[in-house]
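Below you'll find the structure, written out as structure tokens, and then a few comments.
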Number of protein chains: 2
Amino acid sequence: MSNTKVLPLLEPAPGEAAAPCCPPVTERPFTAEEAETAARMFKALGDPVRLRLFSAVASHEGGEACVCDISDVGVSQPTVSHHLKKLKEAGLLTSERRGTWVYYRVEPTVLAAMGQLLIKAGPTAA
Amino acid sequence: MSNTKVLPLLEPAPGEAAAPCCPPVTERPFTAEEAETAARMFKALGDPVRLRLFSAVASHEGGEACVCDISDVGVSQPTVSHHLKKLKEAGLLTSERRGTWVYYRVEPTVLAAMGQLLIKAGPTAA
DNA sequence: TGTCTATGTTGACGCTTGTCGATACAGGTG
DNA sequence: CACCTGTATCGACAAGCGTCAACATAGACA
């Protein structure tokens with residue numbers, strides 16, 4: 001709301017695995033600060049409509065999709081826009097306007113970072 | 001509330017990697033049903049207090065912890081109980097009473113399942 | 001039995017969130 | 001310029017959620 005507050009989650013060394021905000025959940029109890037940060041990401045994926053939108057973008061060709069390509073999720077256009085904004089504010093998506101259309105793209109390091117938060121390590125995704 | 005409705009997420013073939021509810025988000029757009037199921041898990045981790053509790057259990061010796069070991073998260077005891085219930089309902093934790101204390105344990109396949117939902121594949125965790 | 005500790009449940013409160021219709025803005029086309 | 005399409009914002013509403021104090025329940029122990 002206030003503004004587009006993107007989370008300071010990741011400092012992705014290029015070509016390197018993502019550096020998540022927090023250690024794996026199994027390593028040690030999260031501090032309040034870590035939990036605040038990580039929970040914001042999980043929360044963003046905690047709505048079915050948002051998860052569908054996110055998955056639609058993530059699975060789209062080139063990891064990016066026009067809003068018009070993914071907005072068929074059973075809610076009104078303003079609601080789609082609202083959810084995409086939330087995903088953007090959570091640092092999961094970025095957007096770029098190209099002519100008439102707006103394209104959303106998955107923040108590439110985010111998937112690996114969140115994944116590594118749950119399991120010890122893993123490939124940089126596909 | 002109604003009852004302890006555990007999600008029918010996983011059919012873990014013993015000794016085998018977890019079978020998540022859904023394909024990786026990058027594979028194809030989630031259906032409404034898949035999104036509903038997966039979002040319930042993410043939502044459960046989308047609260048800072050719950051995430052701290054979950055991490056506290058997950059990182060505790062043996063993957064299980066007494067409530068008394070983890071309830072120092074800055075909220076009242078009923079609130080802790082409430083959040084643990086939510087995590088249980090989401091299928092992320094199980095609980096067992098042993099004498100005076102109640103022990104919570106991480107549903108072992110869940111971490112791998114959620115992780116593989118974000119990245120293509122990974123180790124069975126540590 | 002009674003009492004103490006540990007945990008769960010209930011009921012209420014305020015805040016947040018998901019949703020929509022109406023409207024505004026951006027960019028293309030004629 | 002006017003008009004149309006795609007997307008974002010606004011304002012309002014209902015529902016959900018996190019929180020607490022008060023109370024209830026379960027087990028240990030004397």
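Chains: A, B, ... in order of the structure tokens. Residues: from 1 per chain. Ligands: from 1, in order shown.
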Find the nearest atom pair between each residue of chain D and stretch 76-92 of chain A for residues within 12 Å, count only C-alpha atoms (C1' of nucleotides), give distances in Å to one decimal, sort rows by chain and ascending number, and present the table as CSV.
residue,atom,partner,partner_atom,distance
D:DG6,C1',A:Gln77,CA,10.2
D:DT7,C1',A:Ser81,CA,7.4
D:DA8,C1',A:Ser81,CA,6.9
D:DT9,C1',A:Pro78,CA,8.8
D:DC10,C1',A:Pro78,CA,10.7
Can you check which parts of chain C lie within 8 Å of chain B? Per residue, the shortest pair of atoms and distance in Å to one decimal, counting only C-alpha atoms (C1' of nucleotides), sorted by chain and number, as CSV.
residue,atom,partner,partner_atom,distance
C:DA6,C1',B:Thr100,CA,6.2
C:DT7,C1',B:Val102,CA,7.4
C:DG8,C1',B:Ser81,CA,6.8
field: chain B contacts to chain A at 9 Å (only C-alpha atoms) as JSON, numbers by chain
entry: {"B": [24, 25, 26, 27, 28, 29, 30, 31, 32, 33, 34, 35, 36, 37, 38, 39, 40, 41, 42, 43, 44, 45, 46, 47, 48, 49, 50, 51, 52, 53, 54, 55, 56, 57, 58, 59, 60, 63, 70, 73, 111, 112, 114, 115, 116, 117, 118, 119, 120, 121, 122, 123, 124, 125, 126]}
message: Measuring between only C-alpha atoms (C1' of nucleotides), which one of D:DC3, D:DA30, D:DC13, D:DA22 shows the shortest distance to chain B?
response: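 Distance minimum relative to chain B lands on D:DA22.
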- request: Can you check which residues of chain D have any atom within 10 Å of chain B? Use only C-alpha atoms (C1' of nucleotides) and format it as a count of residues only.
  value: 7
